[in-house]
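**Q** Take a look at model_15.pdb, PDB, C-alpha atoms and all ligand atoms:
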ATOM      1  CA  MET A   1      43.466  10.925  22.759
ATOM      2  CA  GLY A   2      44.266  10.707  26.470
ATOM      3  CA  GLU A   3      46.727  12.582  28.636
ATOM      4  CA  THR A   4      49.683  10.443  27.638
ATOM      5  CA  MET A   5      49.474   9.364  24.049
ATOM      6  CA  LYS A   6      50.517   5.829  23.361
ATOM      7  CA  ALA A   7      52.176   4.956  20.090
ATOM      8  CA  LEU A   8      52.916   1.651  18.414
ATOM      9  CA  ILE A   9      56.261   1.745  16.552
ATOM     10  CA  VAL A  10      56.690  -0.941  13.921
ATOM     11  CA  ASP A  11      59.994  -1.459  12.120
ATOM     12  CA  ASP A  12      61.958  -4.517  11.030
ATOM     13  CA  SER A  13      65.202  -2.585  11.324
ATOM     14  CA  PRO A  14      66.353  -2.746  14.985
ATOM     15  CA  SER A  15      68.287   0.526  14.817
ATOM     16  CA  SER A  16      65.409   2.418  13.160
ATOM     17  CA  LEU A  17      62.971   0.912  15.690
ATOM     18  CA  ALA A  18      65.176   1.961  18.602
ATOM     19  CA  TYR A  19      65.605   5.470  17.181
ATOM     20  CA  HIS A  20      61.890   6.113  16.729
ATOM     21  CA  CYS A  21      60.975   4.625  20.104
ATOM     22  CA  ALA A  22      63.514   6.878  21.774
ATOM     23  CA  LEU A  23      62.129   9.851  19.863
ATOM     24  CA  ILE A  24      58.580   9.130  21.009
ATOM     25  CA  ASP A  25      59.743   8.643  24.610
ATOM     26  CA  SER A  26      61.697  11.893  24.518
ATOM     27  CA  MET A  27      58.527  13.717  23.512
ATOM     28  CA  GLY A  28      56.904  12.495  26.733
ATOM     29  CA  LEU A  29      54.733   9.922  24.931
ATOM     30  CA  GLU A  30      54.545   6.195  25.601
ATOM     31  CA  SER A  31      56.009   3.865  23.004
ATOM     32  CA  VAL A  32      55.341   0.183  22.349
ATOM     33  CA  SER A  33      57.625  -1.496  19.850
ATOM     34  CA  ALA A  34      56.982  -4.258  17.322
ATOM     35  CA  ALA A  35      59.832  -5.783  15.306
ATOM     36  CA  GLY A  36      57.631  -6.787  12.369
ATOM     37  CA  GLY A  37      54.161  -6.891  10.824
ATOM     38  CA  ARG A  38      52.961  -9.992  12.636
ATOM     39  CA  GLU A  39      54.050  -8.641  16.016
ATOM     40  CA  ALA A  40      52.401  -5.295  15.187
ATOM     41  CA  LEU A  41      49.043  -6.979  14.585
ATOM     42  CA  GLU A  42      49.409  -8.896  17.861
ATOM     43  CA  ARG A  43      50.103  -5.665  19.785
ATOM     44  CA  TYR A  44      47.180  -3.984  18.037
ATOM     45  CA  GLN A  45      44.830  -6.793  19.101
ATOM     46  CA  GLU A  46      46.002  -6.472  22.720
ATOM     47  CA  GLN A  47      45.779  -2.752  23.281
ATOM     48  CA  LYS A  48      44.586   0.616  22.052
ATOM     49  CA  PHE A  49      47.016   3.071  20.506
ATOM     50  CA  ASP A  50      46.641   6.752  19.823
ATOM     51  CA  PHE A  51      48.639   6.338  16.659
ATOM     52  CA  ILE A  52      50.885   3.895  14.823
ATOM     53  CA  LEU A  53      54.236   4.577  13.178
ATOM     54  CA  LEU A  54      54.460   1.836  10.588
ATOM     55  CA  ASP A  55      57.480   0.908   8.498
ATOM     56  CA  VAL A  56      56.451   0.125   4.923
ATOM     57  CA  GLU A  57      59.326  -2.093   3.769
ATOM     58  CA  MET A  58      59.184  -5.229   5.895
ATOM     59  CA  PRO A  59      59.056  -8.989   5.197
ATOM     60  CA  SER A  60      55.456 -10.115   4.772
ATOM     61  CA  PRO A  61      53.177  -8.789   6.088
ATOM     62  CA  ASP A  62      54.621  -5.460   5.027
ATOM     63  CA  GLY A  63      53.361  -2.070   6.217
ATOM     64  CA  TYR A  64      50.614  -1.797   3.594
ATOM     65  CA  GLU A  65      49.258  -5.220   4.512
ATOM     66  CA  VAL A  66      49.357  -4.433   8.246
ATOM     67  CA  ALA A  67      47.451  -1.180   7.628
ATOM     68  CA  ARG A  68      44.842  -2.971   5.532
ATOM     69  CA  ARG A  69      44.288  -5.616   8.213
ATOM     70  CA  ILE A  70      43.995  -3.001  10.942
ATOM     71  CA  ARG A  71      41.435  -1.027   8.948
ATOM     72  CA  ALA A  72      39.516  -4.224   8.200
ATOM     73  CA  THR A  73      39.140  -5.089  11.884
ATOM     74  CA  GLU A  74      38.360  -1.574  13.130
ATOM     75  CA  SER A  75      34.722  -0.872  13.980
ATOM     76  CA  PRO A  76      33.158   2.112  12.189
ATOM     77  CA  ASP A  77      33.509   4.448  15.159
ATOM     78  CA  GLU A  78      37.127   3.448  15.833
ATOM     79  CA  TRP A  79      40.058   5.075  14.143
ATOM     80  CA  THR A  80      43.727   4.631  14.934
ATOM     81  CA  PRO A  81      45.822   7.054  12.903
ATOM     82  CA  ILE A  82      48.531   5.277  10.906
ATOM     83  CA  ILE A  83      51.674   7.088   9.790
ATOM     84  CA  PHE A  84      53.821   5.200   7.325
ATOM     85  CA  LEU A  85      57.586   5.351   7.659
ATOM     86  CA  THR A  86      59.560   4.744   4.523
ATOM     87  CA  GLY A  87      62.738   5.350   2.684
ATOM     88  CA  ARG A  88      60.708   5.919  -0.482
ATOM     89  CA  THR A  89      58.660   9.057  -0.756
ATOM     90  CA  ASP A  90      57.705   8.884  -4.445
ATOM     91  CA  GLU A  91      54.107   9.738  -5.363
ATOM     92  CA  GLU A  92      53.167   6.180  -6.248
ATOM     93  CA  SER A  93      54.226   4.798  -2.851
ATOM     94  CA  LEU A  94      52.389   7.647  -1.174
ATOM     95  CA  SER A  95      49.092   6.953  -2.920
ATOM     96  CA  LYS A  96      49.477   3.227  -2.293
ATOM     97  CA  GLY A  97      49.929   3.993   1.402
ATOM     98  CA  ILE A  98      46.817   6.146   1.577
ATOM     99  CA  GLU A  99      44.838   3.483  -0.274
ATOM    100  CA  ALA A 100      45.996   0.870   2.236
ATOM    101  CA  GLY A 101      44.470   2.980   5.003
ATOM    102  CA  GLY A 102      47.367   5.134   6.100
ATOM    103  CA  ASP A 103      46.806   8.704   7.182
ATOM    104  CA  ASP A 104      50.260  10.110   6.513
ATOM    105  CA  TYR A 105      53.554   9.230   4.990
ATOM    106  CA  LEU A 106      56.916  10.293   6.469
ATOM    107  CA  ALA A 107      60.492   9.779   5.320
ATOM    108  CA  LYS A 108      62.834   7.955   7.693
ATOM    109  CA  PRO A 109      64.365   8.982   9.942
ATOM    110  CA  VAL A 110      61.646  11.263  11.265
ATOM    111  CA  SER A 111      62.773  14.414  13.074
ATOM    112  CA  GLU A 112      61.204  15.507  16.331
ATOM    113  CA  LEU A 113      59.984  18.728  14.723
ATOM    114  CA  VAL A 114      58.112  16.916  11.939
ATOM    115  CA  LEU A 115      56.634  14.351  14.311
ATOM    116  CA  ALA A 116      55.461  17.046  16.756
ATOM    117  CA  ALA A 117      53.732  18.863  13.890
ATOM    118  CA  LYS A 118      52.047  15.605  12.842
ATOM    119  CA  MET A 119      50.890  14.987  16.421
ATOM    120  CA  ALA A 120      49.263  18.395  16.569
ATOM    121  CA  ALA A 121      47.499  17.734  13.262
ATOM    122  CA  LEU A 122      46.367  14.298  14.476
ATOM    123  CA  ARG A 123      44.969  15.787  17.667
ATOM    124  CA  ARG A 124      42.936  18.283  15.670
ATOM    125  CA  LEU A 125      41.717  15.565  13.321
ATOM    126  CA  ASN A 126      40.793  13.305  16.188
ATOM    127  CA  HIS A 127      38.921  16.118  17.887
ATOM    128  CA  ILE A 128      36.866  16.784  14.751
ATOM    129  CA  ARG A 129      36.368  13.097  14.268
ATOM    130  CA  SER A 130      35.001  12.444  17.766
ATOM    131  CA  ALA A 131      32.735  15.476  17.414
ATOM    132  CA  LEU A 132      31.428  13.975  14.170
ATOM    133  CA  VAL A 133      30.962  10.552  15.744
ATOM    134  CA  THR A 134      29.050  12.176  18.623
ATOM    135  CA  THR A 135      26.905  14.184  16.229
ATOM    136  CA  ALA A 136      26.219  11.121  14.117
ATOM    137  CA  GLY A 137      25.224   9.209  17.249
ATOM    138  CA  GLN A 138      22.935  12.033  18.349
ATOM    139  CA  LEU A 139      21.423  12.133  14.861
ATOM    140  CA  ARG A 140      20.775   8.403  15.051
ATOM    141  CA  ASP A 141      19.134   8.812  18.457
ATOM    142  CA  THR A 142      17.091  11.776  17.264
ATOM    143  CA  ASN A 143      16.023   9.908  14.147
ATOM    144  CA  HIS A 144      14.913   6.983  16.229
ATOM    145  CA  LEU A 145      12.903   9.230  18.556
ATOM    146  CA  LEU A 146      11.335  10.937  15.544
ATOM    147  CA  TRP A 147      10.464   7.586  14.049
ATOM    148  CA  GLN A 148       8.860   6.463  17.302
ATOM    149  CA  ALA A 149       6.915   9.719  17.571
ATOM    150  CA  ASN A 150       5.751   9.342  13.970
ATOM    151  CA  GLU A 151       4.571   5.795  14.526
ATOM    152  CA  LYS A 152       2.662   6.953  17.568
ATOM    153  CA  LEU A 153       1.175   9.889  15.671
ATOM    154  CA  LYS A 154       0.089   7.592  12.867
ATOM    155  CA  THR A 155      -1.713   5.400  15.387
ATOM    156  CA  ILE A 156      -3.294   8.361  17.147
ATOM    157  CA  ALA A 157      -4.306   9.881  13.816
ATOM    158  CA  ALA A 158      -6.037   6.651  12.766
ATOM    159  CA  VAL A 159      -7.823   5.719  15.983
ATOM    160  CA  ASP A 160     -10.972   7.146  17.498
ATOM    161  CA  GLY A 161     -10.079   8.458  20.945
ATOM    162  CA  LEU A 162     -13.301   7.366  22.644
ATOM    163  CA  THR A 163     -13.863   3.894  21.258
ATOM    164  CA  GLY A 164     -10.400   2.754  20.160
ATOM    165  CA  ILE A 165     -11.631   1.575  16.757
ATOM    166  CA  ALA A 166     -10.675   3.305  13.492
ATOM    167  CA  ASN A 167     -11.695   6.931  13.125
ATOM    168  CA  ARG A 168     -13.315   8.766  10.233
ATOM    169  CA  ARG A 169      -9.971   9.718   8.762
ATOM    170  CA  ARG A 170      -8.760   6.130   8.655
ATOM    171  CA  LEU A 171     -12.092   5.055   7.227
ATOM    172  CA  ASP A 172     -11.939   7.581   4.350
ATOM    173  CA  GLU A 173      -8.362   6.601   3.612
ATOM    174  CA  MET A 174      -9.179   2.898   3.606
ATOM    175  CA  LEU A 175     -12.342   3.358   1.571
ATOM    176  CA  GLY A 176     -10.469   5.268  -1.139
ATOM    177  CA  ARG A 177      -7.817   2.587  -1.286
ATOM    178  CA  GLU A 178     -10.321  -0.284  -1.390
ATOM    179  CA  TRP A 179     -12.358   1.500  -4.057
ATOM    180  CA  GLY A 180      -9.275   1.627  -6.285
ATOM    181  CA  ARG A 181      -8.459  -2.000  -5.560
ATOM    182  CA  ALA A 182     -12.023  -3.129  -6.306
ATOM    183  CA  ILE A 183     -11.831  -1.398  -9.714
ATOM    184  CA  ARG A 184      -8.474  -2.991 -10.513
ATOM    185  CA  GLU A 185      -9.479  -6.452  -9.353
ATOM    186  CA  HIS A 186     -13.142  -6.324 -10.487
ATOM    187  CA  THR A 187     -14.348  -7.226  -7.005
ATOM    188  CA  PRO A 188     -17.431  -6.033  -5.104
ATOM    189  CA  LEU A 189     -17.092  -3.558  -2.250
ATOM    190  CA  SER A 190     -19.640  -3.193   0.531
ATOM    191  CA  VAL A 191     -20.275  -0.519   3.114
ATOM    192  CA  LEU A 192     -22.463  -0.654   6.212
ATOM    193  CA  MET A 193     -23.623   2.510   7.912
ATOM    194  CA  ALA A 194     -24.975   2.039  11.422
ATOM    195  CA  ASP A 195     -26.645   4.377  13.860
ATOM    196  CA  VAL A 196     -27.488   3.835  17.531
ATOM    197  CA  ASP A 197     -31.254   4.056  17.941
ATOM    198  CA  PHE A 198     -32.483   6.941  20.085
ATOM    199  CA  PHE A 199     -29.005   7.635  21.363
ATOM    200  CA  LYS A 200     -29.820  11.217  22.300
ATOM    201  CA  LEU A 201     -32.583   9.900  24.563
ATOM    202  CA  TYR A 202     -30.110   7.386  26.010
ATOM    203  CA  ASN A 203     -27.727  10.184  26.910
ATOM    204  CA  ASP A 204     -30.571  12.223  28.386
ATOM    205  CA  SER A 205     -31.669   9.285  30.549
ATOM    206  CA  TYR A 206     -28.353   7.808  31.642
ATOM    207  CA  GLY A 207     -25.872  10.652  31.300
ATOM    208  CA  HIS A 208     -22.912  11.212  28.974
ATOM    209  CA  GLN A 209     -20.591   8.911  30.892
ATOM    210  CA  ALA A 210     -22.953   6.002  30.298
ATOM    211  CA  GLY A 211     -23.373   7.210  26.713
ATOM    212  CA  ASP A 212     -19.628   6.920  26.177
ATOM    213  CA  ASP A 213     -19.573   3.431  27.694
ATOM    214  CA  CYS A 214     -22.434   2.436  25.422
ATOM    215  CA  LEU A 215     -20.543   3.646  22.327
ATOM    216  CA  ARG A 216     -17.458   1.702  23.421
ATOM    217  CA  LYS A 217     -19.461  -1.505  23.809
ATOM    218  CA  ILE A 218     -21.119  -1.059  20.445
ATOM    219  CA  SER A 219     -17.721  -0.447  18.850
ATOM    220  CA  GLY A 220     -16.546  -3.726  20.295
ATOM    221  CA  ALA A 221     -19.557  -5.533  18.851
ATOM    222  CA  LEU A 222     -19.032  -3.965  15.412
ATOM    223  CA  ALA A 223     -15.328  -4.813  15.502
ATOM    224  CA  LEU A 224     -16.375  -8.444  16.071
ATOM    225  CA  ALA A 225     -18.563  -8.273  12.984
ATOM    226  CA  ALA A 226     -15.715  -6.848  10.891
ATOM    227  CA  ARG A 227     -13.391  -9.635  11.877
ATOM    228  CA  ARG A 228     -11.938 -10.881   8.578
ATOM    229  CA  PRO A 229      -8.521  -9.471   7.657
ATOM    230  CA  GLY A 230      -9.202  -6.438   5.472
ATOM    231  CA  ASP A 231     -12.567  -5.607   7.069
ATOM    232  CA  LEU A 232     -12.722  -2.331   8.941
ATOM    233  CA  ALA A 233     -15.103  -1.058  11.592
ATOM    234  CA  ALA A 234     -14.886   2.678  12.215
ATOM    235  CA  ARG A 235     -16.622   5.399  14.159
ATOM    236  CA  TYR A 236     -18.071   7.696  11.544
ATOM    237  CA  GLY A 237     -18.912  10.441  14.031
ATOM    238  CA  GLY A 238     -21.212  10.861  17.022
ATOM    239  CA  GLU A 239     -23.245   7.666  17.369
ATOM    240  CA  GLU A 240     -22.693   6.706  13.730
ATOM    241  CA  PHE A 241     -20.494   3.833  12.695
ATOM    242  CA  ALA A 242     -19.351   2.346   9.411
ATOM    243  CA  ILE A 243     -18.045  -1.026   8.355
ATOM    244  CA  VAL A 244     -16.116  -1.486   5.120
ATOM    245  CA  LEU A 245     -16.047  -4.979   3.637
ATOM    246  CA  PRO A 246     -13.634  -5.369   0.723
ATOM    247  CA  ASN A 247     -14.292  -8.113  -1.807
ATOM    248  CA  THR A 248     -17.761  -8.759  -0.370
ATOM    249  CA  PRO A 249     -20.997  -8.903  -2.375
ATOM    250  CA  LEU A 250     -24.358  -7.724  -1.026
ATOM    251  CA  GLU A 251     -25.316 -11.152   0.284
ATOM    252  CA  GLY A 252     -22.176 -11.353   2.447
ATOM    253  CA  ALA A 253     -22.557  -7.761   3.597
ATOM    254  CA  ARG A 254     -26.159  -8.479   4.695
ATOM    255  CA  HIS A 255     -24.900 -11.376   6.804
ATOM    256  CA  VAL A 256     -22.282  -9.200   8.442
ATOM    257  CA  ALA A 257     -24.903  -6.511   9.111
ATOM    258  CA  GLN A 258     -27.292  -9.021  10.622
ATOM    259  CA  PHE A 259     -24.477 -10.416  12.767
ATOM    260  CA  ALA A 260     -23.544  -6.887  13.913
ATOM    261  CA  LEU A 261     -27.142  -6.121  14.840
ATOM    262  CA  GLU A 262     -27.440  -9.362  16.818
ATOM    263  CA  LYS A 263     -24.136  -8.702  18.591
ATOM    264  CA  VAL A 264     -25.308  -5.261  19.679
ATOM    265  CA  LEU A 265     -28.647  -6.611  20.865
ATOM    266  CA  SER A 266     -26.896  -9.370  22.793
ATOM    267  CA  LEU A 267     -25.000  -6.719  24.755
ATOM    268  CA  GLY A 268     -28.316  -6.228  26.546
ATOM    269  CA  ILE A 269     -27.692  -2.594  27.453
ATOM    270  CA  PRO A 270     -30.874  -1.287  29.089
ATOM    271  CA  HIS A 271     -32.487   1.668  27.277
ATOM    272  CA  LYS A 272     -35.726   2.617  28.957
ATOM    273  CA  ALA A 273     -36.186   5.702  26.759
ATOM    274  CA  SER A 274     -35.963   3.774  23.484
ATOM    275  CA  LYS A 275     -39.163   3.761  21.482
ATOM    276  CA  VAL A 276     -38.477   0.423  19.781
ATOM    277  CA  ARG A 277     -37.092  -1.888  22.436
ATOM    278  CA  ASP A 278     -36.099  -1.710  26.076
ATOM    279  CA  GLN A 279     -32.482  -2.310  25.205
ATOM    280  CA  VAL A 280     -29.966  -0.469  23.028
ATOM    281  CA  SER A 281     -30.269  -1.310  19.345
ATOM    282  CA  ILE A 282     -28.821  -0.082  16.078
ATOM    283  CA  SER A 283     -30.124   0.490  12.584
ATOM    284  CA  ILE A 284     -27.957  -0.533   9.665
ATOM    285  CA  GLY A 285     -27.954   0.452   6.001
ATOM    286  CA  VAL A 286     -26.057  -1.762   3.581
ATOM    287  CA  ALA A 287     -24.795  -0.905   0.121
ATOM    288  CA  SER A 288     -22.708  -3.006  -2.209
ATOM    289  CA  VAL A 289     -21.315  -2.317  -5.676
ATOM    290  CA  CYS A 290     -18.782  -3.557  -8.153
ATOM    291  CA  PRO A 291     -17.000  -0.263  -8.771
ATOM    292  CA  ASP A 292     -15.921  -1.152 -12.317
ATOM    293  CA  THR A 293     -19.546  -1.658 -13.431
ATOM    294  CA  ALA A 294     -21.115   0.541 -10.802
ATOM    295  CA  LYS A 295     -23.893   2.992 -10.951
ATOM    296  CA  CYS A 296     -21.951   5.129  -8.502
ATOM    297  CA  SER A 297     -18.811   6.819  -9.718
ATOM    298  CA  CYS A 298     -16.908   7.215  -6.473
ATOM    299  CA  CYS A 299     -16.739   5.728  -3.016
ATOM    300  CA  ALA A 300     -18.625   8.725  -1.598
ATOM    301  CA  ASP A 301     -21.639   7.560  -3.655
ATOM    302  CA  LEU A 302     -21.383   4.124  -2.074
ATOM    303  CA  VAL A 303     -21.441   5.703   1.387
ATOM    304  CA  LYS A 304     -24.470   7.793   0.296
ATOM    305  CA  MET A 305     -26.273   4.651  -0.844
ATOM    306  CA  ALA A 306     -25.597   2.996   2.506
ATOM    307  CA  ASP A 307     -26.702   6.186   4.241
ATOM    308  CA  ARG A 308     -30.008   6.202   2.336
ATOM    309  CA  ALA A 309     -30.566   2.568   3.303
ATOM    310  CA  LEU A 310     -29.847   3.499   6.921
ATOM    311  CA  TYR A 311     -32.398   6.295   6.703
ATOM    312  CA  GLU A 312     -34.910   3.793   5.380
ATOM    313  CA  ALA A 313     -34.102   1.384   8.210
ATOM    314  CA  LYS A 314     -34.967   4.140  10.682
ATOM    315  CA  GLU A 315     -38.133   5.001   8.757
ATOM    316  CA  ARG A 316     -39.249   1.404   8.905
ATOM    317  CA  GLY A 317     -38.966   1.235  12.670
ATOM    318  CA  ARG A 318     -35.254   0.931  13.493
ATOM    319  CA  ALA A 319     -33.406  -2.069  15.012
ATOM    320  CA  ARG A 320     -33.078  -3.598  11.563
ATOM    321  CA  VAL A 321     -30.948  -4.027   8.494
ATOM    322  CA  VAL A 322     -31.968  -2.451   5.196
ATOM    323  CA  TRP A 323     -29.976  -2.733   2.028
ATOM    324  CA  ALA A 324     -29.888  -0.514  -0.995
ATOM    325  CA  GLU A 325     -31.524  -1.593  -4.279
ATOM    326  CA  SER A 326     -33.886  -4.079  -2.693
ATOM    327  CA  THR A 327     -37.098  -3.795  -0.779
ATOM    328  CA  PRO A 328     -37.331  -6.456   1.914
ATOM    329  CA  SER A 329     -35.786  -5.695   5.271
ATOM    330  CA  GLU A 330     -34.875  -7.943   8.102
ATOM    331  CA  THR A 331     -36.058  -7.421  11.611
ATOM    332  CA  VAL A 332     -34.859  -9.249  14.642
TER     333      VAL A 332
HETATM  334 MG    MG A 401      62.005  -1.874   6.811
END
Step by step, read the file and then write its structure as structure tokens.
Ligand SMILES: [Mg+2]

**A**
Amino acid sequence: MGETMKALIVDDSPSSLAYHCALIDSMGLESVSAAGGREALERYQEQKFDFILLDVEMPSPDGYEVARRIRATESPDEWTPIIFLTGRTDEESLSKGIEAGGDDYLAKPVSELVLAAKMAALRRLNHIRSALVTTAGQLRDTNHLLWQANEKLKTIAAVDGLTGIANRRRLDEMLGREWGRAIREHTPLSVLMADVDFFKLYNDSYGHQAGDDCLRKISGALALAARRPGDLAARYGGEEFAIVLPNTPLEGARHVAQFALEKVLSLGIPHKASKVRDQVSISIGVASVCPDTAKCSCCADLVKMADRALYEAKERGRARVVWAESTPSETV
């Protein structure tokens, strides 16, 4: 409430209206008069009031109706105190007034003493109320900031800092989820484990900066291979990568692996220290199971199978795809 409080006085009785306006003026406040409910609503639409003295018994709309309409149009952070004026002060009228949206209920004519006491109470209430509105607003702001920070954290927590593809944590999470889904839906699940061939030698020859660039490019190639919705390419750690292919049998997984290998080779990154080619290559192990009929009992076993196939791919000369549970390998 400002320096000079402004009150709307509503009464269909001219003498009562004049009396209460004079009372408000004599208290050093500003009064605006309305000779009925309709006029009161018009005044309320035009300007802001610090409080409203509202006669209850008026031709339609009566005081209750006016209060209801005011409350219905107020926005949630607005609140104009309404004090009903009435000749009737029985309990039933009082509760009806509060229900209609009134804040107090005074018998006519109101004395200066009573009104001054009400003003003081209203000021206190309004003070508490604006503090609450401010706090609620700050809480909303804080909540929003927290939400934003959380979203960002979630992204950071799921992404590998160097390459920008999914990290190990995201991979494990996704693998566990897809394992459960594959059991429920009786679908195959495939995992590719890939390793950059002679990466340590690459780093030794070209430096760690170039090594990082190389890993980024390979990540991009693997992300291209894992391009269906639901596929995931992730950095497993160091120069190791993984691709998870939900609802994909071995045959499909082998195609993806072959595609990934070709993509990496087509990057054409020179690698003079490599013992298999003069460009950077990867070795890939593929494993595929139907978890509900599987020989492995958890998704960690599937990763182990893919890992063993990867080991075999390296044993057989690298730059190739080897899959678990079958002997032939593919070389490019
Ligand atoms: Mg009246």

**Q** Taking all atoms listed in the file into account, which of A:Arg277, A:Lys118, A:Lys152, A:Lys108 comes nearest ligand MG 401 (chain A)?

**A**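 Of all the options, A:Lys108 lies closest to ligand MG 401 (chain A).
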
**Q** Could you list, as a compact mmCIF listing (two decimals) with C-alpha atoms, in the frame of the given file, every residue matched by the PyMOL selection byres (((chain A and resi 218) around 12) and not hetatm) in this structure?

**A**
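Listed below is the output, selection.txt:
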# COMPACT_ATOMS: atom_id res chain seq x y z
CA LEU A 162 -13.30 7.37 22.64
CA THR A 163 -13.86 3.89 21.26
CA GLY A 164 -10.40 2.75 20.16
CA ILE A 165 -11.63 1.58 16.76
CA ALA A 194 -24.98 2.04 11.42
CA ASP A 195 -26.64 4.38 13.86
CA VAL A 196 -27.49 3.84 17.53
CA ASP A 197 -31.25 4.06 17.94
CA PHE A 199 -29.00 7.64 21.36
CA GLY A 211 -23.37 7.21 26.71
CA ASP A 212 -19.63 6.92 26.18
CA ASP A 213 -19.57 3.43 27.69
CA CYS A 214 -22.43 2.44 25.42
CA LEU A 215 -20.54 3.65 22.33
CA ARG A 216 -17.46 1.70 23.42
CA LYS A 217 -19.46 -1.50 23.81
CA SER A 219 -17.72 -0.45 18.85
CA GLY A 220 -16.55 -3.73 20.30
CA ALA A 221 -19.56 -5.53 18.85
CA LEU A 222 -19.03 -3.96 15.41
CA ALA A 223 -15.33 -4.81 15.50
CA LEU A 224 -16.38 -8.44 16.07
CA ALA A 225 -18.56 -8.27 12.98
CA ALA A 233 -15.10 -1.06 11.59
CA ALA A 234 -14.89 2.68 12.22
CA ARG A 235 -16.62 5.40 14.16
CA GLU A 239 -23.24 7.67 17.37
CA GLU A 240 -22.69 6.71 13.73
CA PHE A 241 -20.49 3.83 12.70
CA ALA A 242 -19.35 2.35 9.41
CA ALA A 260 -23.54 -6.89 13.91
CA LEU A 261 -27.14 -6.12 14.84
CA GLU A 262 -27.44 -9.36 16.82
CA LYS A 263 -24.14 -8.70 18.59
CA VAL A 264 -25.31 -5.26 19.68
CA LEU A 265 -28.65 -6.61 20.86
CA SER A 266 -26.90 -9.37 22.79
CA LEU A 267 -25.00 -6.72 24.76
CA GLY A 268 -28.32 -6.23 26.55
CA ILE A 269 -27.69 -2.59 27.45
CA VAL A 280 -29.97 -0.47 23.03
CA SER A 281 -30.27 -1.31 19.34
CA ILE A 282 -28.82 -0.08 16.08

**Q** Run the PyMOL selection byres (((chain A and resi 48-55) around 10) and not hetatm) mentally over the shown coordinates, then write out the matched residues as JSON, numbers by chain, using the chain letters and numbers from the document.

**A** {"A": [1, 2, 4, 5, 6, 7, 8, 9, 10, 11, 12, 13, 16, 17, 20, 21, 30, 31, 32, 33, 34, 35, 36, 37, 40, 43, 44, 45, 46, 47, 56, 57, 58, 62, 63, 64, 66, 67, 79, 80, 81, 82, 83, 84, 85, 86, 87, 102, 103, 104, 105, 106, 107, 108, 119, 122, 123, 126]}

**Q** Could you write out as a PyMOL selection string the residues that the PyMOL selection byres (((chain A and resi 173) around 12) and not hetatm) matches in the shown file?

**A** chain A and resi 157-158+166-172+174-180+232+234+244+299-300

**Q** What does the structure give for the distance between atom CA of Val321 of chain A and atom CA of Met305 of chain A, in Å to one decimal?

**A**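 Interatomic distance, atom CA of Val321 of chain A to atom CA of Met305 of chain A: 13.6 Å.
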
**Q** For a test of reading the model, state the distance in Å between atom CA of Glu74 of chain A and atom CA of Leu115 of chain A, rounded to one decimal.

**A** 24.3 Å

**Q** My list of candidates is A:His255, A:His127, A:Arg68, A:Lys304. Which is closest to Ala226 of chain A when distances are computed with only C-alpha atoms?

**A**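 Smallest separation from Ala226 of chain A among the options: A:His255.
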
**Q** Quick check, in Å to one decimal: how far apart do atom CA of Val276 of chain A and atom CA of Val303 of chain A lie?

**A**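 Value for the atom CA of Val276 of chain A-atom CA of Val303 of chain A distance: 25.6 Å.
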
**Q** Please determine the residues with any atom at most 10 Å from (-18.5, -3.6, -6.8) (coordinates as given in the file, with only C-alpha atoms counting) and report them as a list in words.

**A**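 Output: Trp179, Ala182, Ile183, Glu185, His186, Thr187, Pro188, Leu189, Ser190, Pro246, Asn247, Thr248, Pro249, Leu250, Ala287, Ser288, Val289, Cys290, Pro291, Asp292, Thr293, Ala294, Lys295, Cys296 and Leu302 of chain A.
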
**Q** Put those residues in a file: C-alpha atoms, as a PDB file, in the coordinates of the input.

**A**
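Contents of the output file result08.pdb:
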ATOM      1  CA  TRP A 179     -12.358   1.500  -4.057  1.00  0.00           C
ATOM      2  CA  ALA A 182     -12.023  -3.129  -6.306  1.00  0.00           C
ATOM      3  CA  ILE A 183     -11.831  -1.398  -9.714  1.00  0.00           C
ATOM      4  CA  GLU A 185      -9.479  -6.452  -9.353  1.00  0.00           C
ATOM      5  CA  HIS A 186     -13.142  -6.324 -10.487  1.00  0.00           C
ATOM      6  CA  THR A 187     -14.348  -7.226  -7.005  1.00  0.00           C
ATOM      7  CA  PRO A 188     -17.431  -6.033  -5.104  1.00  0.00           C
ATOM      8  CA  LEU A 189     -17.092  -3.558  -2.250  1.00  0.00           C
ATOM      9  CA  SER A 190     -19.640  -3.193   0.531  1.00  0.00           C
ATOM     10  CA  PRO A 246     -13.634  -5.369   0.723  1.00  0.00           C
ATOM     11  CA  ASN A 247     -14.292  -8.113  -1.807  1.00  0.00           C
ATOM     12  CA  THR A 248     -17.761  -8.759  -0.370  1.00  0.00           C
ATOM     13  CA  PRO A 249     -20.997  -8.903  -2.375  1.00  0.00           C
ATOM     14  CA  LEU A 250     -24.358  -7.724  -1.026  1.00  0.00           C
ATOM     15  CA  ALA A 287     -24.795  -0.905   0.121  1.00  0.00           C
ATOM     16  CA  SER A 288     -22.708  -3.006  -2.209  1.00  0.00           C
ATOM     17  CA  VAL A 289     -21.315  -2.317  -5.676  1.00  0.00           C
ATOM     18  CA  CYS A 290     -18.782  -3.557  -8.153  1.00  0.00           C
ATOM     19  CA  PRO A 291     -17.000  -0.263  -8.771  1.00  0.00           C
ATOM     20  CA  ASP A 292     -15.921  -1.152 -12.317  1.00  0.00           C
ATOM     21  CA  THR A 293     -19.546  -1.658 -13.431  1.00  0.00           C
ATOM     22  CA  ALA A 294     -21.115   0.541 -10.802  1.00  0.00           C
ATOM     23  CA  LYS A 295     -23.893   2.992 -10.951  1.00  0.00           C
ATOM     24  CA  CYS A 296     -21.951   5.129  -8.502  1.00  0.00           C
ATOM     25  CA  LEU A 302     -21.383   4.124  -2.074  1.00  0.00           C
TER      26      LEU A 302
END
